[in-house]
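Listing of structure27.csv; format and content: CSV, C-alpha atoms (C1' of nucleotides).
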```csv
chain,number,residue,atom,x,y,z
N,1,MET,CA,-6.4,13.7,-23.3
N,2,SER,CA,-6.3,10.7,-21.1
N,3,LYS,CA,-9.1,8.3,-21.6
N,4,GLN,CA,-7.9,5.8,-24.1
N,5,LEU,CA,-4.3,6.2,-23.0
N,6,VAL,CA,-5.1,5.1,-19.6
N,7,VAL,CA,-7.4,2.3,-20.5
N,8,LEU,CA,-4.8,0.8,-22.8
N,9,GLY,CA,-1.7,2.0,-21.0
N,10,ALA,CA,-2.1,0.4,-17.6
N,11,ALA,CA,-3.9,-2.7,-18.6
N,12,GLU,CA,-2.9,-4.0,-21.9
N,13,GLY,CA,-1.2,-7.3,-22.0
N,14,VAL,CA,-1.9,-8.1,-18.4
N,15,CYS,CA,-3.2,-11.6,-18.4
N,16,CYS,CA,-2.8,-14.8,-16.6
N,17,SER,CA,-4.7,-17.8,-15.5
N,18,PRO,CA,-6.0,-18.1,-11.9
N,19,ILE,CA,-3.3,-18.0,-9.3
N,20,ALA,CA,-4.6,-21.3,-8.0
N,21,GLU,CA,-3.8,-23.0,-11.3
N,22,GLN,CA,-0.4,-21.7,-12.1
N,23,ALA,CA,2.3,-19.8,-10.4
N,24,LEU,CA,2.6,-16.1,-11.4
N,25,ASP,CA,5.8,-14.9,-12.9
N,26,ALA,CA,7.5,-11.8,-11.6
N,27,GLU,CA,6.7,-9.6,-14.6
N,28,HIS,CA,3.0,-10.1,-14.6
N,29,ALA,CA,2.8,-10.0,-10.8
N,30,ALA,CA,4.1,-6.4,-10.9
N,31,ASP,CA,1.3,-5.3,-13.2
N,32,LEU,CA,-1.4,-7.1,-11.3
N,33,ALA,CA,-0.2,-6.0,-7.9
N,34,ARG,CA,-0.5,-2.4,-9.1
N,35,MET,CA,-4.2,-3.0,-9.7
N,36,PHE,CA,-4.7,-4.8,-6.4
N,37,LYS,CA,-2.9,-2.0,-4.6
N,38,ALA,CA,-5.3,0.5,-6.0
N,39,LEU,CA,-8.1,-1.5,-4.4
N,40,GLY,CA,-6.2,-1.6,-1.1
N,41,ASP,CA,-7.6,1.6,0.3
N,42,PRO,CA,-11.1,1.8,1.8
N,43,ILE,CA,-11.8,5.1,0.2
N,44,ARG,CA,-10.7,3.9,-3.2
N,45,LEU,CA,-12.7,0.8,-2.8
N,46,ARG,CA,-15.8,2.8,-2.0
N,47,LEU,CA,-15.2,5.2,-4.9
N,48,LEU,CA,-14.9,2.3,-7.3
N,49,SER,CA,-18.0,0.8,-5.9
N,50,ARG,CA,-19.9,4.0,-6.4
N,51,ILE,CA,-18.6,4.2,-9.9
N,52,THR,CA,-19.3,0.6,-10.9
N,53,SER,CA,-22.8,0.6,-9.3
N,54,ALA,CA,-23.9,3.9,-10.8
N,55,SER,CA,-27.1,3.3,-12.7
N,56,ALA,CA,-26.1,5.4,-15.6
N,57,GLY,CA,-22.9,3.4,-16.1
N,58,GLU,CA,-20.9,6.5,-15.1
N,59,ILE,CA,-20.9,9.1,-12.4
N,60,CYS,CA,-20.0,12.7,-12.1
N,61,VAL,CA,-17.1,13.6,-9.8
N,62,CYS,CA,-19.4,16.2,-8.3
N,63,ASP,CA,-21.5,13.4,-6.9
N,64,LEU,CA,-18.4,12.0,-5.2
N,65,THR,CA,-17.1,15.1,-3.7
N,66,SER,CA,-20.4,16.2,-2.1
N,67,GLY,CA,-20.4,14.7,1.4
N,68,GLU,CA,-20.4,10.9,2.0
N,69,PHE,CA,-16.6,10.7,1.7
N,70,ASP,CA,-15.0,12.3,4.7
N,71,VAL,CA,-12.0,13.7,2.8
N,72,SER,CA,-11.2,16.8,0.9
N,73,GLY,CA,-11.7,17.4,-2.8
N,74,PRO,CA,-8.1,17.1,-3.7
N,75,THR,CA,-7.8,13.8,-1.8
N,76,ILE,CA,-10.7,12.3,-3.8
N,77,SER,CA,-9.1,13.6,-6.9
N,78,HIS,CA,-5.9,11.9,-5.9
N,79,HIS,CA,-7.6,8.5,-5.3
N,80,LEU,CA,-9.5,8.7,-8.6
N,81,LYS,CA,-6.1,9.3,-10.3
N,82,VAL,CA,-4.7,6.1,-8.6
N,83,LEU,CA,-7.7,4.1,-9.8
N,84,ARG,CA,-7.3,5.6,-13.3
N,85,GLU,CA,-3.6,4.9,-13.5
N,86,ALA,CA,-4.2,1.4,-12.4
N,87,GLY,CA,-6.6,1.0,-15.3
N,88,LEU,CA,-9.6,0.3,-13.3
N,89,ILE,CA,-11.6,3.3,-14.2
N,90,ALA,CA,-11.6,5.8,-17.0
N,91,GLY,CA,-12.9,9.4,-17.1
N,92,ASP,CA,-13.4,12.3,-19.3
N,93,ARG,CA,-14.5,15.9,-19.0
N,94,ARG,CA,-17.8,16.9,-20.7
N,95,GLY,CA,-18.2,20.6,-20.4
N,96,THR,CA,-18.0,21.6,-16.8
N,97,TRP,CA,-18.1,18.2,-15.3
N,98,VAL,CA,-15.9,15.1,-15.3
N,99,TYR,CA,-17.4,11.7,-15.5
N,100,TYR,CA,-15.9,8.4,-14.5
N,101,ARG,CA,-16.8,4.9,-15.5
N,102,PRO,CA,-15.4,1.4,-14.8
N,103,VAL,CA,-13.1,-0.5,-17.1
N,104,PRO,CA,-14.9,-3.9,-16.9
N,105,ALA,CA,-12.2,-5.9,-18.7
N,106,ASN,CA,-9.6,-5.2,-16.0
N,107,LEU,CA,-12.0,-5.8,-13.1
N,108,ARG,CA,-12.9,-9.0,-14.7
N,109,GLN,CA,-9.3,-9.9,-15.0
N,110,LEU,CA,-8.7,-9.5,-11.3
N,111,ALA,CA,-11.7,-11.6,-10.5
N,112,ALA,CA,-10.5,-14.3,-12.8
N,113,LEU,CA,-7.2,-14.3,-11.2
N,114,LEU,CA,-8.8,-15.0,-7.8
N,115,ASP,CA,-10.9,-17.8,-9.2
N,116,THR,CA,-10.6,-20.7,-6.8
N,117,ALA,CA,-12.3,-23.4,-8.8
N,118,ALA,CA,-9.1,-25.5,-8.6
N,119,LEU,CA,-9.1,-25.3,-4.8
N,120,PRO,CA,-10.7,-27.8,-2.4
N,121,ASP,CA,-13.6,-27.0,-0.1
N,122,ALA,CA,-15.3,-25.2,-3.0
C,1,MET,CA,-0.8,-21.3,18.0
C,2,SER,CA,-2.3,-19.2,15.2
C,3,LYS,CA,-4.1,-21.2,12.5
C,4,GLN,CA,-7.7,-21.0,13.5
C,5,LEU,CA,-7.4,-17.7,15.1
C,6,VAL,CA,-6.2,-16.1,11.9
C,7,VAL,CA,-8.6,-17.8,9.6
C,8,LEU,CA,-11.6,-16.7,11.5
C,9,GLY,CA,-10.1,-13.5,13.0
C,10,ALA,CA,-9.4,-11.5,9.9
C,11,ALA,CA,-12.2,-12.7,7.7
C,12,GLU,CA,-15.3,-13.5,9.7
C,13,GLY,CA,-18.3,-11.4,8.8
C,14,VAL,CA,-16.8,-9.8,5.8
C,15,CYS,CA,-19.4,-10.0,3.1
C,16,CYS,CA,-21.0,-8.1,0.5
C,17,SER,CA,-22.5,-8.3,-3.0
C,18,PRO,CA,-20.5,-7.3,-6.0
C,19,ILE,CA,-19.4,-3.7,-6.0
C,20,ALA,CA,-21.1,-3.3,-9.4
C,21,GLU,CA,-24.4,-4.1,-7.9
C,22,GLN,CA,-24.4,-2.1,-4.7
C,23,ALA,CA,-22.3,0.6,-3.2
C,24,LEU,CA,-20.0,-0.5,-0.4
C,25,ASP,CA,-20.4,1.0,3.0
C,26,ALA,CA,-17.4,2.3,4.9
C,27,GLU,CA,-17.3,-0.5,7.5
C,28,HIS,CA,-17.1,-3.3,5.1
C,29,ALA,CA,-14.8,-1.4,2.8
C,30,ALA,CA,-12.1,-1.3,5.5
C,31,ASP,CA,-12.1,-5.1,6.0
C,32,LEU,CA,-12.1,-5.7,2.3
C,33,ALA,CA,-9.4,-3.1,1.6
C,34,ARG,CA,-7.2,-4.9,4.1
C,35,MET,CA,-7.3,-8.0,2.0
C,36,PHE,CA,-6.8,-6.2,-1.3
C,37,LYS,CA,-3.9,-4.3,0.2
C,38,ALA,CA,-2.3,-7.6,1.0
C,39,LEU,CA,-2.5,-8.5,-2.7
C,40,GLY,CA,-1.0,-5.2,-3.6
C,41,ASP,CA,2.6,-6.2,-3.5
C,42,PRO,CA,4.3,-8.2,-6.3
C,43,ILE,CA,6.1,-10.5,-3.9
C,44,ARG,CA,3.0,-11.3,-1.9
C,45,LEU,CA,1.0,-11.9,-5.0
C,46,ARG,CA,3.6,-14.4,-6.2
C,47,LEU,CA,3.8,-16.0,-2.8
C,48,LEU,CA,0.1,-16.4,-2.7
C,49,SER,CA,0.1,-17.8,-6.2
C,50,ARG,CA,2.8,-20.4,-5.2
C,51,ILE,CA,0.8,-21.4,-2.2
C,52,THR,CA,-2.6,-21.7,-3.9
C,53,SER,CA,-1.1,-23.5,-6.9
C,54,ALA,CA,0.9,-26.0,-4.8
C,55,SER,CA,-0.2,-29.4,-5.9
C,56,ALA,CA,-0.3,-30.7,-2.4
C,57,GLY,CA,-2.7,-28.0,-1.3
C,58,GLU,CA,0.0,-26.5,0.9
C,59,ILE,CA,3.6,-25.6,0.7
C,60,CYS,CA,6.7,-25.5,3.0
C,61,VAL,CA,8.2,-22.2,3.8
C,62,CYS,CA,11.5,-23.8,3.0
C,63,ASP,CA,10.3,-24.0,-0.7
C,64,LEU,CA,9.7,-20.3,-0.7
C,65,THR,CA,12.9,-19.1,0.8
C,66,SER,CA,15.2,-21.1,-1.5
C,67,GLY,CA,16.0,-18.8,-4.4
C,68,GLU,CA,13.2,-17.6,-6.8
C,69,PHE,CA,12.3,-14.7,-4.6
C,70,ASP,CA,15.0,-12.1,-4.5
C,71,VAL,CA,14.6,-11.0,-0.9
C,72,SER,CA,15.9,-12.2,2.4
C,73,GLY,CA,14.3,-14.8,4.6
C,74,PRO,CA,12.9,-12.3,7.1
C,75,THR,CA,11.3,-10.4,4.3
C,76,ILE,CA,9.5,-13.4,3.0
C,77,SER,CA,8.4,-14.2,6.6
C,78,HIS,CA,7.1,-10.7,6.9
C,79,HIS,CA,5.0,-11.0,3.7
C,80,LEU,CA,3.6,-14.3,4.7
C,81,LYS,CA,2.6,-12.7,8.0
C,82,VAL,CA,0.7,-9.9,6.1
C,83,LEU,CA,-1.1,-12.5,4.0
C,84,ARG,CA,-1.9,-14.5,7.1
C,85,GLU,CA,-3.2,-11.5,9.0
C,86,ALA,CA,-5.3,-10.5,6.0
C,87,GLY,CA,-7.0,-14.0,6.2
C,88,LEU,CA,-5.8,-15.1,2.8
C,89,ILE,CA,-3.6,-17.9,3.9
C,90,ALA,CA,-3.1,-20.0,7.0
C,91,GLY,CA,0.0,-21.8,8.3
C,92,ASP,CA,1.2,-24.2,11.0
C,93,ARG,CA,4.4,-25.7,12.1
C,94,ARG,CA,4.8,-29.5,11.7
C,95,GLY,CA,8.0,-30.5,13.3
C,96,THR,CA,10.9,-28.5,11.8
C,97,TRP,CA,9.0,-27.0,8.9
C,98,VAL,CA,6.1,-24.5,8.6
C,99,TYR,CA,3.5,-25.1,6.0
C,100,TYR,CA,1.1,-22.6,4.4
C,101,ARG,CA,-2.2,-23.2,2.6
C,102,PRO,CA,-4.8,-20.9,1.1
C,103,VAL,CA,-8.1,-19.9,2.7
C,104,PRO,CA,-10.4,-20.4,-0.3
C,105,ALA,CA,-13.5,-18.8,1.3
C,106,ASN,CA,-11.8,-15.4,1.5
C,107,LEU,CA,-10.2,-15.5,-1.9
C,108,ARG,CA,-13.6,-16.4,-3.3
C,109,GLN,CA,-15.1,-13.5,-1.5
C,110,LEU,CA,-12.8,-11.0,-3.2
C,111,ALA,CA,-13.4,-12.6,-6.6
C,112,ALA,CA,-17.2,-12.3,-6.0
C,113,LEU,CA,-16.8,-8.7,-5.1
C,114,LEU,CA,-15.2,-7.9,-8.4
C,115,ASP,CA,-17.9,-9.8,-10.3
C,116,THR,CA,-18.8,-7.6,-13.3
C,117,ALA,CA,-21.9,-9.4,-14.5
C,118,ALA,CA,-24.0,-6.3,-13.9
C,119,LEU,CA,-21.7,-4.2,-16.2
C,120,PRO,CA,-22.1,-3.6,-19.9
C,121,ASP,CA,-19.6,-4.8,-22.5
C,122,ALA,CA,-19.5,-8.2,-20.8
X,1,DT,C1',23.0,-31.0,27.4
X,2,DC,C1',24.8,-28.6,23.5
X,3,DC,C1',24.8,-27.8,18.5
X,4,DT,C1',22.4,-27.3,14.0
X,5,DT,C1',18.8,-26.0,11.0
X,6,DG,C1',14.5,-23.7,9.9
X,7,DT,C1',11.5,-19.8,10.9
X,8,DC,C1',10.0,-15.7,13.1
X,9,DT,C1',10.5,-11.2,15.7
X,10,DT,C1',12.9,-6.9,16.7
X,11,DG,C1',14.8,-2.6,15.6
X,12,DA,C1',16.4,0.6,12.3
X,13,DT,C1',16.3,3.0,7.8
X,14,DG,C1',14.9,4.6,3.5
X,15,DA,C1',11.0,4.9,0.4
X,16,DT,C1',6.2,5.3,-0.5
X,17,DT,C1',1.5,6.9,0.7
X,18,DT,C1',-2.2,9.7,2.5
X,19,DT,C1',-3.8,13.9,3.3
X,20,DC,C1',-4.5,18.9,3.3
X,21,DG,C1',-4.3,23.9,1.8
X,22,DA,C1',-3.0,26.8,-1.8
X,23,DA,C1',-2.5,27.4,-6.5
X,24,DT,C1',-3.7,26.2,-11.1
X,25,DC,C1',-6.4,24.8,-15.1
X,26,DA,C1',-10.9,24.1,-17.9
X,27,DG,C1',-15.1,25.4,-19.4
X,28,DC,C1',-19.3,28.2,-18.8
X,29,DT,C1',-21.8,32.7,-18.7
X,30,DA,C1',-22.4,37.4,-18.4
D,1,DT,C1',-12.9,40.0,-21.4
D,2,DA,C1',-13.7,39.0,-16.5
D,3,DG,C1',-15.6,36.3,-13.1
D,4,DC,C1',-17.5,31.9,-11.5
D,5,DT,C1',-17.6,26.9,-10.5
D,6,DG,C1',-15.7,22.3,-10.9
D,7,DA,C1',-11.6,19.4,-10.9
D,8,DT,C1',-6.8,18.8,-10.8
D,9,DT,C1',-1.9,19.6,-9.6
D,10,DC,C1',1.6,21.3,-6.4
D,11,DG,C1',4.2,21.3,-2.1
D,12,DA,C1',4.7,19.8,2.4
D,13,DA,C1',3.7,17.1,6.8
D,14,DA,C1',2.6,12.8,9.0
D,15,DA,C1',1.9,8.1,8.8
D,16,DT,C1',2.7,3.7,6.8
D,17,DC,C1',5.5,0.2,4.5
D,18,DA,C1',9.4,-2.8,2.6
D,19,DT,C1',13.6,-4.4,3.6
D,20,DC,C1',17.6,-6.1,6.0
D,21,DA,C1',20.9,-7.5,9.8
D,22,DA,C1',20.9,-9.3,14.2
D,23,DG,C1',18.8,-11.7,17.6
D,24,DA,C1',15.3,-15.1,19.5
D,25,DC,C1',12.7,-19.2,19.3
D,26,DA,C1',11.4,-24.1,18.1
D,27,DA,C1',12.4,-28.8,17.0
D,28,DG,C1',15.5,-32.5,16.1
D,29,DG,C1',19.9,-34.9,16.6
D,30,DA,C1',24.7,-35.6,18.5
```
Please go through the file and, once you have read it, give me the structure as structure tokens.
Amino acid sequence: MSKQLVVLGAAEGVCCSPIAEQALDAEHAADLARMFKALGDPIRLRLLSRITSASAGEICVCDLTSGEFDVSGPTISHHLKVLREAGLIAGDRRGTWVYYRPVPANLRQLAALLDTAALPDA
Amino acid sequence: MSKQLVVLGAAEGVCCSPIAEQALDAEHAADLARMFKALGDPIRLRLLSRITSASAGEICVCDLTSGEFDVSGPTISHHLKVLREAGLIAGDRRGTWVYYRPVPANLRQLAALLDTAALPDA
DNA sequence: TCCTTGTCTTGATGATTTTCGAATCAGCTA
DNA sequence: TAGCTGATTCGAAAATCATCAAGACAAGGA
């Protein structure tokens, strides 16, 4: 009961041209900071990387909780929730297992925001 | 006494191909997460945006502390320090005033990391 | 030399975050 | 139905963070 809700909920209407081109207003900054904050933890960054680089386009939580990450299951679950609520990933249960996949539109948005084309020394 | 030190110190050797192409290892994730974490606060994001979008390529702290941001001077100074230590901006004093400017190489690196070219639904 | 202005650091406080173990929920299979 | 496995939520402890007031530092001018 969460997939679409999350994808649209956290991310819809977030926008904006590159920060180098135009100053960000407070309202949009809050939404965008929420996404960047989700990336601001090493474990979450690695989780996201595993999810986005999964060859099948998605990955089972069971593949994330087995070794590799040196934290407990609940902690991984917590971090996945943060990423999900930030709108960077989406997940759904299929039978016994839960699968997560990236939300490319929002990742793309963050990348675009950091575009430095307008800056010197390019 | 800090400019070069900061630019090189926080950022040197951080690297990596897009997270969608290859899973991030723990060592690099820590460095990169530090930068993303610096972006994970609305005030810092707006400060960075003001700095990177400044037409002169740099901006005086005095232009950041006068209204617009609804926090005290020391708080702005603190956030600038976080951005500086993350390697996203650099600053130096010239006479009475202190000027900050972006570090494009590191901003570019974060953008590259979020590149989603390898993802579907492009 | 002293005063003024601009910026940063210190120290303290309240809020948030990370993490775990325990408990709970969801779906499968016998 | 009962029992099993995978994943999440709950509750609590420790660490980290954002913020401000007060003080310190730097540069320029009387």
8 Å contacts from chain N to chain C using all atoms listed in the file, as a short mmCIF file (atom, residue, chain, number, x, y, z; two decimals) with C-alpha atoms, in the frame of the given file:
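The resulting file, out34.cif, is shown below:
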```cif
data_model
loop_
_atom_site.label_atom_id
_atom_site.label_comp_id
_atom_site.auth_asym_id
_atom_site.auth_seq_id
_atom_site.Cartn_x
_atom_site.Cartn_y
_atom_site.Cartn_z
CA ILE N 19 -3.30 -18.00 -9.30
CA ALA N 20 -4.60 -21.30 -8.00
CA GLU N 21 -3.80 -23.00 -11.30
CA GLN N 22 -0.40 -21.70 -12.10
CA ALA N 23 2.30 -19.80 -10.40
CA LEU N 24 2.60 -16.10 -11.40
CA ASP N 25 5.80 -14.90 -12.90
CA ALA N 26 7.50 -11.80 -11.60
CA ALA N 29 2.80 -10.00 -10.80
CA ALA N 30 4.10 -6.40 -10.90
CA LEU N 32 -1.40 -7.10 -11.30
CA ALA N 33 -0.20 -6.00 -7.90
CA ARG N 34 -0.50 -2.40 -9.10
CA MET N 35 -4.20 -3.00 -9.70
CA PHE N 36 -4.70 -4.80 -6.40
CA LYS N 37 -2.90 -2.00 -4.60
CA ALA N 38 -5.30 0.50 -6.00
CA LEU N 39 -8.10 -1.50 -4.40
CA GLY N 40 -6.20 -1.60 -1.10
CA ASP N 41 -7.60 1.60 0.30
CA PRO N 42 -11.10 1.80 1.80
CA ILE N 43 -11.80 5.10 0.20
CA LEU N 45 -12.70 0.80 -2.80
CA ARG N 46 -15.80 2.80 -2.00
CA LEU N 48 -14.90 2.30 -7.30
CA SER N 49 -18.00 0.80 -5.90
CA ARG N 50 -19.90 4.00 -6.40
CA ILE N 51 -18.60 4.20 -9.90
CA THR N 52 -19.30 0.60 -10.90
CA SER N 53 -22.80 0.60 -9.30
CA ALA N 54 -23.90 3.90 -10.80
CA GLY N 57 -22.90 3.40 -16.10
CA PRO N 104 -14.90 -3.90 -16.90
CA ALA N 105 -12.20 -5.90 -18.70
CA LEU N 107 -12.00 -5.80 -13.10
CA ARG N 108 -12.90 -9.00 -14.70
CA LEU N 110 -8.70 -9.50 -11.30
CA ALA N 111 -11.70 -11.60 -10.50
CA ALA N 112 -10.50 -14.30 -12.80
CA LEU N 113 -7.20 -14.30 -11.20
CA LEU N 114 -8.80 -15.00 -7.80
CA ASP N 115 -10.90 -17.80 -9.20
CA THR N 116 -10.60 -20.70 -6.80
CA LEU N 119 -9.10 -25.30 -4.80
CA PRO N 120 -10.70 -27.80 -2.40
CA ASP N 121 -13.60 -27.00 -0.10
CA ALA N 122 -15.30 -25.20 -3.00
#
```
Original post:
How many Å lie between C1' of DA24 in chain D and CA of Ile89 in chain C, rounded to one decimal?
Top reply: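 CA of Ile89 in chain C lies at a distance of 24.7 Å from C1' of DA24 in chain D.
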Against chain D, which residues of chain N fall within 9 Å? For each one I want the closest pair of atoms and the distance in Å (one decimal), counting all atoms listed in the file, rows by chain and increasing residue number, as JSON lines.
```
{"residue": "N:Val61", "atom": "CA", "partner": "D:DA7", "partner_atom": "C1'", "distance": 8.1}
{"residue": "N:Cys62", "atom": "CA", "partner": "D:DG6", "partner_atom": "C1'", "distance": 7.6}
{"residue": "N:Gly73", "atom": "CA", "partner": "D:DA7", "partner_atom": "C1'", "distance": 8.3}
{"residue": "N:Pro74", "atom": "CA", "partner": "D:DT8", "partner_atom": "C1'", "distance": 7.4}
{"residue": "N:Ser77", "atom": "CA", "partner": "D:DT8", "partner_atom": "C1'", "distance": 6.9}
{"residue": "N:His78", "atom": "CA", "partner": "D:DT8", "partner_atom": "C1'", "distance": 8.5}
{"residue": "N:Thr96", "atom": "CA", "partner": "D:DG6", "partner_atom": "C1'", "distance": 6.4}
{"residue": "N:Trp97", "atom": "CA", "partner": "D:DG6", "partner_atom": "C1'", "distance": 6.5}
{"residue": "N:Val98", "atom": "CA", "partner": "D:DA7", "partner_atom": "C1'", "distance": 7.5}
```
**OP:** Starting from chain N, keep only residues with some atom at most 8 Å from an atom of chain X, counting only C-alpha atoms (C1' of nucleotides), and report them as a VMD selection string.
**Re:** chain N and resid 72 75 95 to 96
Superimpose chain N on chain C so that the squared distances between all in-order C-alpha pairs are minimised, and send the result as a CSV table (one decimal) with C-alpha atoms, keeping the file's coordinate frame.
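Saved the output as out-v7.csv:
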```
chain,number,residue,atom,x,y,z
N,1,MET,CA,-1.2,-21.1,18.1
N,2,SER,CA,-2.4,-19.1,15.2
N,3,LYS,CA,-4.2,-21.1,12.6
N,4,GLN,CA,-7.8,-21.0,13.4
N,5,LEU,CA,-7.5,-17.6,15.0
N,6,VAL,CA,-6.3,-16.1,11.9
N,7,VAL,CA,-8.7,-17.8,9.6
N,8,LEU,CA,-11.6,-16.6,11.7
N,9,GLY,CA,-10.1,-13.4,13.0
N,10,ALA,CA,-9.4,-11.5,9.8
N,11,ALA,CA,-12.2,-12.8,7.7
N,12,GLU,CA,-15.3,-13.5,9.6
N,13,GLY,CA,-18.3,-11.5,8.8
N,14,VAL,CA,-16.8,-9.9,5.8
N,15,CYS,CA,-19.4,-10.1,3.1
N,16,CYS,CA,-21.0,-8.1,0.5
N,17,SER,CA,-22.5,-8.3,-2.9
N,18,PRO,CA,-20.4,-7.3,-6.0
N,19,ILE,CA,-19.3,-3.7,-6.0
N,20,ALA,CA,-21.0,-3.3,-9.3
N,21,GLU,CA,-24.4,-4.1,-7.8
N,22,GLN,CA,-24.4,-2.1,-4.7
N,23,ALA,CA,-22.3,0.6,-3.1
N,24,LEU,CA,-20.0,-0.6,-0.3
N,25,ASP,CA,-20.4,0.9,3.1
N,26,ALA,CA,-17.5,2.3,5.0
N,27,GLU,CA,-17.3,-0.5,7.6
N,28,HIS,CA,-17.0,-3.4,5.2
N,29,ALA,CA,-14.8,-1.5,2.8
N,30,ALA,CA,-12.1,-1.3,5.6
N,31,ASP,CA,-12.1,-5.0,6.0
N,32,LEU,CA,-12.0,-5.8,2.3
N,33,ALA,CA,-9.4,-3.2,1.5
N,34,ARG,CA,-7.1,-4.9,4.1
N,35,MET,CA,-7.3,-8.0,2.0
N,36,PHE,CA,-6.8,-6.2,-1.3
N,37,LYS,CA,-3.8,-4.4,0.2
N,38,ALA,CA,-2.2,-7.6,1.0
N,39,LEU,CA,-2.4,-8.6,-2.7
N,40,GLY,CA,-1.0,-5.2,-3.6
N,41,ASP,CA,2.6,-6.2,-3.5
N,42,PRO,CA,4.2,-8.3,-6.4
N,43,ILE,CA,6.1,-10.4,-4.0
N,44,ARG,CA,3.0,-11.2,-1.9
N,45,LEU,CA,1.1,-11.9,-5.0
N,46,ARG,CA,3.7,-14.4,-6.2
N,47,LEU,CA,3.9,-16.0,-2.8
N,48,LEU,CA,0.1,-16.5,-2.7
N,49,SER,CA,0.2,-17.8,-6.2
N,50,ARG,CA,2.8,-20.4,-5.2
N,51,ILE,CA,0.8,-21.3,-2.2
N,52,THR,CA,-2.6,-21.6,-4.0
N,53,SER,CA,-1.1,-23.5,-7.0
N,54,ALA,CA,0.9,-26.0,-4.9
N,55,SER,CA,-0.1,-29.5,-5.9
N,56,ALA,CA,-0.2,-30.7,-2.4
N,57,GLY,CA,-2.7,-28.0,-1.4
N,58,GLU,CA,0.1,-26.5,0.9
N,59,ILE,CA,3.7,-25.6,0.7
N,60,CYS,CA,6.6,-25.5,3.0
N,61,VAL,CA,8.2,-22.1,3.7
N,62,CYS,CA,11.5,-23.7,2.9
N,63,ASP,CA,10.4,-24.0,-0.7
N,64,LEU,CA,9.7,-20.3,-0.7
N,65,THR,CA,12.8,-19.1,0.8
N,66,SER,CA,15.2,-21.1,-1.4
N,67,GLY,CA,16.0,-18.8,-4.4
N,68,GLU,CA,13.2,-17.6,-6.8
N,69,PHE,CA,12.3,-14.7,-4.6
N,70,ASP,CA,15.0,-12.1,-4.6
N,71,VAL,CA,14.5,-11.1,-0.9
N,72,SER,CA,15.8,-12.2,2.4
N,73,GLY,CA,14.3,-14.8,4.7
N,74,PRO,CA,12.9,-12.3,7.1
N,75,THR,CA,11.3,-10.3,4.3
N,76,ILE,CA,9.4,-13.4,3.0
N,77,SER,CA,8.5,-14.1,6.6
N,78,HIS,CA,7.1,-10.6,6.9
N,79,HIS,CA,5.0,-10.9,3.6
N,80,LEU,CA,3.6,-14.3,4.7
N,81,LYS,CA,2.6,-12.6,8.0
N,82,VAL,CA,0.7,-9.9,6.0
N,83,LEU,CA,-1.1,-12.5,3.9
N,84,ARG,CA,-1.9,-14.4,7.1
N,85,GLU,CA,-3.2,-11.4,9.0
N,86,ALA,CA,-5.3,-10.5,6.0
N,87,GLY,CA,-6.9,-14.0,6.2
N,88,LEU,CA,-5.8,-15.1,2.9
N,89,ILE,CA,-3.6,-17.9,3.9
N,90,ALA,CA,-3.1,-20.0,7.0
N,91,GLY,CA,-0.1,-21.9,8.3
N,92,ASP,CA,1.1,-24.2,10.9
N,93,ARG,CA,4.3,-25.7,12.1
N,94,ARG,CA,4.7,-29.5,11.8
N,95,GLY,CA,7.9,-30.5,13.4
N,96,THR,CA,10.8,-28.5,11.8
N,97,TRP,CA,8.9,-27.0,9.0
N,98,VAL,CA,6.0,-24.6,8.6
N,99,TYR,CA,3.4,-25.1,6.0
N,100,TYR,CA,1.1,-22.6,4.4
N,101,ARG,CA,-2.1,-23.1,2.6
N,102,PRO,CA,-4.8,-20.8,1.0
N,103,VAL,CA,-8.0,-19.8,2.7
N,104,PRO,CA,-10.3,-20.4,-0.3
N,105,ALA,CA,-13.4,-18.8,1.2
N,106,ASN,CA,-11.8,-15.4,1.5
N,107,LEU,CA,-10.2,-15.5,-2.0
N,108,ARG,CA,-13.5,-16.4,-3.3
N,109,GLN,CA,-15.0,-13.5,-1.5
N,110,LEU,CA,-12.7,-11.1,-3.2
N,111,ALA,CA,-13.4,-12.6,-6.6
N,112,ALA,CA,-17.1,-12.3,-6.0
N,113,LEU,CA,-16.8,-8.7,-5.0
N,114,LEU,CA,-15.1,-8.0,-8.4
N,115,ASP,CA,-17.8,-9.8,-10.3
N,116,THR,CA,-18.9,-7.6,-13.2
N,117,ALA,CA,-21.9,-9.4,-14.4
N,118,ALA,CA,-24.0,-6.3,-13.9
N,119,LEU,CA,-21.7,-4.2,-16.1
N,120,PRO,CA,-22.1,-3.6,-19.8
N,121,ASP,CA,-19.6,-4.9,-22.4
N,122,ALA,CA,-19.5,-8.2,-20.7
```
**OP:** Figure out the distance between CA of Arg101 in chain C and CA of Val82 in chain C, please, to one decimal in Å.
**Re:**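 So the answer is 14.1 Å.
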Subject >> Computed interatomic separation between CA of Ile59 in chain C and CA of Gly91 in chain C (Å) >> reply: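 Result for CA of Ile59 in chain C versus CA of Gly91 in chain C: 9.2 Å, one decimal.
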